[in-house]
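Next up, upload30.tsv (TSV, C-alpha atoms and all ligand atoms):
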```tsv
chain	number	residue	atom	x	y	z
J	1	MET	CA	9.05	-14.63	14.13
J	2	ASP	CA	11.06	-11.41	14.23
J	3	GLU	CA	12.32	-10.72	17.82
J	4	ARG	CA	10.54	-7.36	18.10
J	5	LEU	CA	7.22	-8.81	16.92
J	6	LYS	CA	7.71	-11.74	19.32
J	7	TYR	CA	8.26	-9.31	22.21
J	8	ILE	CA	5.07	-7.44	21.30
J	9	ALA	CA	3.04	-10.66	21.04
J	10	GLU	CA	4.26	-11.76	24.49
J	11	ASN	CA	3.72	-8.40	26.21
J	12	TYR	CA	0.74	-7.01	24.31
J	13	GLU	CA	-1.60	-6.57	27.30
J	14	GLN	CA	0.90	-4.57	29.39
J	15	MET	CA	1.77	-2.37	26.39
J	16	LYS	CA	-1.78	-1.18	25.69
J	17	ILE	CA	-2.39	2.56	25.76
J	18	GLY	CA	-5.63	4.54	25.33
J	19	PRO	CA	-5.99	7.12	22.54
J	20	ASP	CA	-5.90	10.01	25.03
J	21	ASP	CA	-3.31	8.63	27.47
J	22	PRO	CA	-0.07	10.62	27.56
J	23	PHE	CA	3.33	9.17	26.67
J	24	HIS	CA	6.78	10.74	26.63
J	25	PHE	CA	8.97	10.56	23.56
J	26	ARG	CA	11.01	12.74	21.25
J	27	CYS	CA	12.48	11.34	18.04
J	28	LYS	CA	16.09	12.49	17.53
J	29	GLU	CA	15.93	11.63	13.83
J	30	CYS	CA	19.06	9.49	14.09
J	31	GLY	CA	17.80	6.99	11.47
J	32	LYS	CA	18.77	3.93	13.54
J	33	CYS	CA	15.25	2.50	13.28
J	34	CYS	CA	15.81	2.04	9.53
J	35	ILE	CA	18.58	-0.55	10.01
J	36	HIS	CA	18.57	-3.99	11.64
J	37	ARG	CA	14.94	-4.28	10.62
J	38	GLU	CA	13.16	-7.31	9.21
J	39	ASP	CA	9.68	-6.16	10.13
J	40	ILE	CA	8.64	-3.17	8.06
J	41	LEU	CA	5.35	-4.68	6.95
J	42	LEU	CA	3.26	-2.84	4.37
J	43	SER	CA	-0.49	-2.61	4.11
J	44	PRO	CA	-2.01	-2.16	0.63
J	45	TYR	CA	-2.36	1.55	1.46
J	46	ASP	CA	1.32	1.84	2.46
J	47	LEU	CA	2.38	0.15	-0.76
J	48	PHE	CA	0.09	2.31	-2.90
J	49	ARG	CA	1.31	5.58	-1.36
J	50	ALA	CA	4.99	4.61	-1.56
J	51	ALA	CA	4.69	3.60	-5.24
J	52	ARG	CA	2.85	6.81	-6.07
J	53	GLU	CA	5.44	8.91	-4.25
J	54	LEU	CA	8.26	7.35	-6.31
J	55	GLY	CA	6.34	7.56	-9.61
J	56	MET	CA	6.18	3.78	-9.94
J	57	THR	CA	3.39	1.27	-10.40
J	58	THR	CA	2.58	-0.88	-7.39
J	59	VAL	CA	4.03	-3.92	-9.19
J	60	GLU	CA	7.28	-2.08	-10.01
J	61	PHE	CA	7.58	-0.92	-6.40
J	62	TYR	CA	6.96	-4.44	-5.10
J	63	LYS	CA	9.54	-5.98	-7.43
J	64	GLN	CA	12.21	-3.42	-6.58
J	65	TYR	CA	11.80	-3.03	-2.82
J	66	CYS	CA	9.63	-5.76	-1.31
J	67	GLU	CA	9.19	-9.42	-0.73
J	68	GLY	CA	6.16	-11.47	0.23
J	69	TYR	CA	5.62	-14.51	2.39
J	70	ILE	CA	2.69	-16.34	3.93
J	71	GLY	CA	2.00	-15.16	7.48
J	72	GLN	CA	2.34	-17.89	10.08
J	73	ASP	CA	-0.87	-16.81	11.83
J	74	SER	CA	-2.85	-14.88	9.22
J	75	ARG	CA	-2.19	-17.48	6.43
J	76	LEU	CA	-2.35	-14.56	4.06
J	77	THR	CA	0.43	-13.00	2.00
J	78	ILE	CA	2.40	-10.48	4.05
J	79	ILE	CA	4.52	-7.92	2.24
J	80	ARG	CA	7.58	-6.34	3.79
J	81	LEU	CA	10.34	-4.00	2.71
J	82	MET	CA	13.25	-6.25	1.81
J	83	PRO	CA	16.17	-5.61	4.20
J	84	GLN	CA	19.57	-5.22	2.56
J	85	GLY	CA	23.16	-6.10	3.44
J	86	SER	CA	24.68	-7.24	6.70
J	87	VAL	CA	23.09	-4.37	8.68
J	88	ARG	CA	19.65	-5.26	7.27
J	89	ARG	CA	19.10	-1.73	6.01
J	90	CYS	CA	15.69	-0.68	4.75
J	91	PRO	CA	15.94	-0.42	0.93
J	92	LEU	CA	14.32	3.02	1.09
J	93	LEU	CA	17.05	4.52	3.26
J	94	LYS	CA	19.33	6.56	0.99
J	95	ASN	CA	22.07	8.89	2.29
J	96	HIS	CA	20.57	8.67	5.80
J	97	HIS	CA	17.14	9.83	4.56
J	98	CYS	CA	13.90	8.01	3.95
J	99	MET	CA	13.07	8.17	0.23
J	100	ILE	CA	9.36	8.28	1.05
J	101	HIS	CA	9.51	10.39	4.20
J	102	LYS	CA	6.21	12.21	3.52
J	103	VAL	CA	4.29	8.94	3.07
J	104	LYS	CA	6.36	6.48	5.08
J	105	PRO	CA	4.61	3.24	6.11
J	106	ALA	CA	2.29	3.47	9.12
J	107	VAL	CA	4.60	1.29	11.25
J	108	CYS	CA	7.46	3.76	10.70
J	109	ALA	CA	5.39	6.93	11.09
J	110	MET	CA	3.61	5.78	14.25
J	111	PHE	CA	6.65	4.51	16.20
J	112	PRO	CA	6.77	4.12	19.23
J	113	VAL	CA	3.00	3.67	18.97
J	114	GLY	CA	1.77	0.46	17.39
J	115	ARG	CA	-1.72	-0.86	16.74
J	116	GLY	CA	-3.77	-4.00	16.38
J	117	VAL	CA	-7.40	-5.04	16.71
J	118	ALA	CA	-9.25	-6.88	19.47
J	119	ILE	CA	-10.24	-10.20	17.90
J	120	PRO	CA	-13.19	-12.15	19.32
J	121	LYS	CA	-12.19	-15.61	20.63
J	122	ASP	CA	-14.46	-17.22	18.06
J	123	LYS	CA	-12.64	-16.20	14.89
J	124	THR	CA	-15.42	-17.60	12.68
J	125	SER	CA	-17.73	-14.78	13.79
J	126	ALA	CA	-14.94	-12.20	13.87
J	127	GLU	CA	-15.43	-11.01	10.30
J	128	ASN	CA	-18.90	-9.65	11.20
J	129	ALA	CA	-17.93	-8.37	14.63
J	130	GLU	CA	-17.53	-4.70	15.46
J	131	LEU	CA	-13.73	-4.43	15.42
J	132	GLN	CA	-11.95	-1.97	17.66
J	133	ILE	CA	-8.46	-0.64	17.15
J	134	GLN	CA	-6.14	-1.09	20.13
J	135	TYR	CA	-3.00	0.94	20.56
J	136	ILE	CA	0.23	-0.12	22.23
J	137	LEU	CA	3.30	1.79	23.31
J	138	GLN	CA	6.55	0.07	22.39
J	139	PRO	CA	9.45	0.78	24.77
J	140	PRO	CA	11.69	2.98	22.62
J	141	ALA	CA	15.39	2.32	23.13
J	142	CYS	CA	16.03	5.59	21.33
J	143	GLY	CA	15.12	9.28	21.31
J	144	ASP	CA	14.45	10.91	24.67
J	145	ARG	CA	11.44	11.63	26.90
J	146	SER	CA	11.43	15.40	26.54
J	147	GLU	CA	8.06	15.67	24.72
J	148	THR	CA	4.62	14.58	25.88
J	149	HIS	CA	2.03	13.34	23.39
J	150	THR	CA	-1.24	11.46	23.26
J	151	VAL	CA	-1.83	8.75	20.66
J	152	ARG	CA	-4.62	10.84	19.12
J	153	GLU	CA	-2.42	13.90	18.69
J	154	TRP	CA	0.64	11.82	17.62
J	155	LEU	CA	-1.34	10.15	14.82
J	156	ALA	CA	-2.99	13.42	13.77
J	157	SER	CA	0.48	14.93	13.34
J	158	PHE	CA	0.98	12.68	10.31
J	159	GLY	CA	-2.60	12.78	9.02
J	160	MET	CA	-4.00	9.63	10.63
J	161	ASP	CA	-7.18	9.16	12.62
J	162	VAL	CA	-7.33	6.89	15.69
J	163	GLU	CA	-10.41	5.31	14.09
J	164	ASP	CA	-8.60	4.73	10.75
J	165	PRO	CA	-11.33	3.21	8.51
J	166	ILE	CA	-8.90	1.80	5.92
J	167	PHE	CA	-7.01	-0.10	8.65
J	168	LEU	CA	-10.30	-1.51	9.99
J	169	GLN	CA	-11.44	-2.53	6.49
J	170	TRP	CA	-8.15	-4.31	5.94
J	171	GLN	CA	-8.29	-6.10	9.32
J	172	ARG	CA	-11.85	-7.24	8.60
J	173	PHE	CA	-10.74	-8.65	5.26
J	174	ILE	CA	-7.77	-10.43	6.88
J	175	LEU	CA	-10.15	-12.17	9.30
J	176	PHE	CA	-12.52	-13.14	6.49
J	177	ALA	CA	-9.68	-14.48	4.34
J	178	HIS	CA	-8.02	-16.28	7.27
J	179	ASN	CA	-11.12	-18.36	7.95
J	180	LYS	CA	-11.47	-19.36	4.30
J	181	ILE	CA	-7.77	-20.04	3.70
J	182	VAL	CA	-7.36	-22.29	6.75
J	183	LYS	CA	-10.04	-24.56	5.26
J	184	LEU	CA	-8.76	-24.30	1.68
J	185	GLU	CA	-5.25	-25.30	2.74
J	186	LYS	CA	-6.65	-28.66	3.83
J	187	GLN	CA	-8.60	-29.11	0.59
J	188	LEU	CA	-6.44	-27.81	-2.25
J	189	GLU	CA	-3.28	-29.17	-3.83
J	190	PRO	CA	-0.17	-27.04	-3.03
J	191	THR	CA	0.03	-25.66	-6.59
J	192	GLU	CA	-3.65	-24.63	-6.49
J	193	MET	CA	-3.17	-23.06	-3.08
J	194	ASN	CA	-0.15	-21.10	-4.34
J	195	HIS	CA	-2.20	-19.90	-7.29
J	196	CYS	CA	-4.96	-18.77	-4.92
J	197	TRP	CA	-2.42	-16.90	-2.72
J	198	ASN	CA	-0.89	-15.20	-5.78
J	199	LEU	CA	-4.27	-14.04	-7.07
J	200	LEU	CA	-5.27	-12.73	-3.65
J	201	ALA	CA	-1.97	-10.87	-3.20
J	202	TYR	CA	-2.30	-9.27	-6.63
J	203	CYS	CA	-5.88	-8.29	-5.94
J	204	ALA	CA	-5.32	-6.84	-2.47
J	205	TYR	CA	-1.90	-5.20	-2.89
J	206	MET	CA	-1.15	-4.54	-6.57
J	207	ASN	CA	-4.30	-3.96	-8.59
J	208	TYR	CA	-4.27	-0.17	-8.29
J	209	GLU	CA	-3.76	2.78	-10.57
J	210	THR	CA	-1.70	5.20	-8.52
J	211	GLY	CA	-3.13	8.18	-10.45
J	212	LYS	CA	-6.57	7.42	-9.04
J	213	GLU	CA	-8.00	7.61	-5.53
J	214	PHE	CA	-7.11	4.66	-3.30
J	215	SER	CA	-10.33	4.00	-1.33
J	216	PRO	CA	-12.76	3.10	-4.17
J	217	GLN	CA	-10.14	0.81	-5.74
J	218	PHE	CA	-9.44	-0.80	-2.36
J	219	GLU	CA	-13.15	-1.49	-1.76
J	220	GLU	CA	-13.53	-3.00	-5.21
J	221	ASN	CA	-10.39	-5.10	-4.85
J	222	LEU	CA	-11.40	-6.48	-1.46
J	223	ALA	CA	-14.87	-7.33	-2.83
J	224	THR	CA	-13.20	-9.17	-5.74
J	225	ALA	CA	-10.83	-10.98	-3.36
J	226	ARG	CA	-13.81	-12.11	-1.24
J	227	LYS	CA	-15.60	-13.43	-4.34
J	228	LEU	CA	-12.43	-15.19	-5.41
J	229	LEU	CA	-12.14	-16.97	-2.07
J	230	GLU	CA	-15.80	-17.97	-2.18
J	231	ALA	CA	-15.32	-19.37	-5.69
J	232	TYR	CA	-12.32	-21.41	-4.51
J	233	GLU	CA	-14.39	-22.61	-1.58
J	234	ARG	CA	-17.24	-23.75	-3.86
J	235	ALA	CA	-14.78	-25.43	-6.23
J	236	ALA	CA	-13.08	-27.24	-3.32
J	237	GLN	CA	-16.49	-28.53	-2.22
J	238	GLY	CA	-17.30	-29.62	-5.77
J	239	VAL	CA	-20.23	-27.17	-6.06
J	240	GLN	CA	-21.02	-26.01	-9.60
J	241	PRO	CA	-20.91	-22.21	-10.01
J	242	ASP	CA	-24.29	-20.46	-10.22
J	243	ALA	CA	-25.38	-20.16	-13.87
J	244	GLY	CA	-26.90	-16.72	-13.09
E	1	LIG	S1	12.45	6.69	16.13
E	1	LIG	FE1	14.26	6.39	17.42
E	1	LIG	S2	15.76	5.25	16.18
E	1	LIG	FE2	14.19	6.13	14.79
E	1	LIG	S3	15.01	8.08	14.12
E	1	LIG	FE3	13.75	8.51	15.93
E	1	LIG	S4	15.14	8.42	17.67
E	1	LIG	FE4	16.21	7.45	15.95
E	2	LIG	S1	10.41	3.24	5.05
E	2	LIG	FE1	11.60	5.05	5.53
E	2	LIG	S2	11.28	5.39	7.73
E	2	LIG	FE2	10.62	3.30	7.27
E	2	LIG	S3	12.42	2.01	7.71
E	2	LIG	FE3	12.46	2.54	5.53
E	2	LIG	S4	13.75	4.35	5.37
E	2	LIG	FE4	13.14	4.13	7.51
```
The structure in this file should be written as structure tokens.
Ligand code: SF4
Ligand code: SF4
Amino acid sequence: MDERLKYIAENYEQMKIGPDDPFHFRCKECGKCCIHREDILLSPYDLFRAARELGMTTVEFYKQYCEGYIGQDSRLTIIRLMPQGSVRRCPLLKNHHCMIHKVKPAVCAMFPVGRGVAIPKDKTSAENAELQIQYILQPPACGDRSETHTVREWLASFGMDVEDPIFLQWQRFILFAHNKIVKLEKQLEPTEMNHCWNLLAYCAYMNYETGKEFSPQFEENLATARKLLEAYERAAQGVQPDAG
């Protein structure tokens, strides 16, 4: 696991911050957070907005700037911006500027704030549970402390809501998929499992027309991905599909 993500995982509880708690930070726009990075992970919404901003399809954007791997914990495809060269520069950093500044990924825009969800101990019931977004404050080794913000106001400054419904929808899907995939991995041959992962990744991250609104496509894609997983589950159990 990337060192920064490892630090967050180990110190998560102490880093929590409420939506209206103040924190002190001013970004000096030095661009150093765009190098030595292995962890710029993209949600489907991040990928969609970045592709649209650059006039590309989601598939073209993925092929040019990203790579995917199976998350150690989620067991789902994770997509990240592919770091380049010995300084591990973000591929979207050109002439010291972010090529997608107006729509940069949530992890970039929110820094030093980060977010996750409280997951019930029993993950099998988690997909139906009322999920709550939790915010954390990462110790910034950059900028200065000359400005005071709250998480709510910080997020609003780049058009995000502390109750971000798209983020919650995505987290709920990740939990649903995780529970199914963990079982399927024990039942399917590796080639079948890879096929399943590829279909899911296409469905969740790529199957969008960037000229259309994101949310309805996202809802439809997640519904299709759920059906796909259920079909794999039935097939793995040897259950014939419903004729109706
Ligand atoms: S977040 Fe920090 S490292 Fe990134 S541009 Fe701002 S001051 Fe520099
Ligand atoms: S997406 Fe933009 S802000 Fe984020 S690391 Fe890349 S260049 Fe920097």
### Task
Take atom CA of Met206 of chain J and atom CA of Thr58 of chain J and report the distance between them in Å, one decimal.
5.3 Å
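Residue nearest His96 of chain J within the list J:Met56, J:Ile35, J:Asp161, J:Met193: J:Ile35 [criterion: smallest interatomic distance, only C-alpha atoms].
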### Query
Which residues, written as number ranges by chain, have at least one atom at most 10 Å from Pro139 of chain J, with only C-alpha atoms counted and residues fewer than 4 positions away on the same chain left out?
J: 8, 15, 25, 111-113
### Message
I need the residue nearest Glu38 of chain J from this list: J:Ala177, J:Leu54, J:Cys90, J:Ile133. Use all atoms listed in the file for the distance.
### Response
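Of all the options, J:Cys90 lies closest to Glu38 of chain J.
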### Query
Can you list, as a VMD selection string, every protein, DNA or RNA residue that comes within 10 Å of Leu155 of chain J when you count all atoms listed in the file, leaving out same-chain residues fewer than 4 positions away?
chain J and resid 19 106 109 to 111 113 149 to 151 159 to 162 164
### Query
Residues within 8 Å of ligand LIG 1 (chain E) (all atoms listed in the file), as a list in words?
Arg26, Cys27, Lys28, Glu29, Cys30, Gly31, Lys32, Cys33, Cys34, Cys108, Phe111, Pro112, Pro140, Ala141, Cys142, Gly143 and Asp144 of chain J
### Task
Determine, counting all atoms listed in the file, which protein, DNA and RNA residues have an atom within 8 Å of an atom of segment 213-219 of chain J; residues of the same chain fewer than 4 positions away are not included. Present the result as a list in words.
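The residues satisfying every condition are Tyr45, Phe48, Ile166, Ala204, Tyr208 and Ala223 of chain J.
Atom CA of Cys203 of chain J sits 14.0 Å away from atom CA of Thr57 of chain J.
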Closest contacts (chain J/ligand LIG 2 (chain E), max 6 Å, all atoms listed in the file) as a tab-separated table:
```
residue	atom	partner	partner_atom	distance
J:Cys34	CA	E:LIG2	S3	3.8
J:Cys90	CA	E:LIG2	FE3	4.6
J:Leu92	CA	E:LIG2	S4	4.5
J:Leu93	CA	E:LIG2	S4	3.9
J:Cys98	CA	E:LIG2	S4	3.9
J:Ile100	CA	E:LIG2	FE1	6.0
J:His101	CA	E:LIG2	FE1	5.9
J:Lys104	CA	E:LIG2	S1	5.2
J:Pro105	CA	E:LIG2	S1	5.9
J:Cys108	CA	E:LIG2	FE2	4.7
```
### Task
Check the smallest atom-to-atom distance from each of J:Ser86, J:Gln72, J:Gln138, J:Gln64 to Tyr12 of chain J using all atoms listed in the file, then report the winner.
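Counting all atoms listed in the file, the residue closest to Tyr12 of chain J is J:Gln138.
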## Note on the structure
Computed gap from atom CA of Arg152 of chain J to atom CA of Ala50 of chain J is 23.6 Å
## Note on the structure
Counting all atoms listed in the file, the residue among J:Asn198, J:Thr148, J:Gln132, J:Ser157 that lies closest to Gln171 of chain J is J:Gln132
### Query
Which of these, J:Ala51, J:Leu42, J:Ile17, J:Leu229, has the shortest distance to Glu67 of chain J once you count all atoms listed in the file?
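Closest candidate: J:Leu42.
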### Query
Taking into account all atoms listed in the file, which residue in the set J:Leu137, J:Leu168, J:Leu199, J:Ile70 is nearest to His24 of chain J?
J:Leu137
Hey, could you patch up segment 154-168 of chain J with N, CA and C atoms and hand it over as a CSV table (one decimal), in the frame of the given file?
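Written out: out-v3.csv:
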```
chain,number,residue,atom,x,y,z
J,154,TRP,N,-0.5,12.4,18.3
J,154,TRP,CA,0.6,11.8,17.6
J,154,TRP,C,0.2,11.4,16.2
J,155,LEU,N,-0.9,10.6,16.1
J,155,LEU,CA,-1.3,10.2,14.8
J,155,LEU,C,-1.8,11.3,13.9
J,156,ALA,N,-2.5,12.3,14.5
J,156,ALA,CA,-3.0,13.4,13.8
J,156,ALA,C,-1.8,14.2,13.2
J,157,SER,N,-0.7,14.2,13.8
J,157,SER,CA,0.5,14.9,13.3
J,157,SER,C,1.0,14.4,12.0
J,158,PHE,N,0.6,13.2,11.7
J,158,PHE,CA,1.0,12.7,10.3
J,158,PHE,C,-0.3,12.2,9.5
J,159,GLY,N,-1.4,12.9,9.9
J,159,GLY,CA,-2.6,12.8,9.0
J,159,GLY,C,-3.4,11.5,9.2
J,160,MET,N,-3.2,10.9,10.4
J,160,MET,CA,-4.0,9.6,10.6
J,160,MET,C,-5.0,9.8,11.7
J,161,ASP,N,-6.1,9.1,11.6
J,161,ASP,CA,-7.2,9.2,12.6
J,161,ASP,C,-7.1,7.9,13.5
J,162,VAL,N,-7.4,8.1,14.8
J,162,VAL,CA,-7.3,6.9,15.7
J,162,VAL,C,-8.4,5.8,15.3
J,163,GLU,N,-9.4,6.3,14.6
J,163,GLU,CA,-10.4,5.3,14.1
J,163,GLU,C,-10.2,5.0,12.6
J,164,ASP,N,-9.0,4.9,12.2
J,164,ASP,CA,-8.6,4.7,10.8
J,164,ASP,C,-9.5,3.7,10.0
J,165,PRO,N,-10.4,4.1,9.1
J,165,PRO,CA,-11.3,3.2,8.5
J,165,PRO,C,-10.7,2.2,7.5
J,166,ILE,N,-9.6,2.7,6.9
J,166,ILE,CA,-8.9,1.8,5.9
J,166,ILE,C,-8.2,0.6,6.7
J,167,PHE,N,-7.6,1.0,7.8
J,167,PHE,CA,-7.0,-0.1,8.6
J,167,PHE,C,-8.1,-1.1,9.1
J,168,LEU,N,-9.2,-0.6,9.5
J,168,LEU,CA,-10.3,-1.5,10.0
J,168,LEU,C,-10.8,-2.4,8.8
```
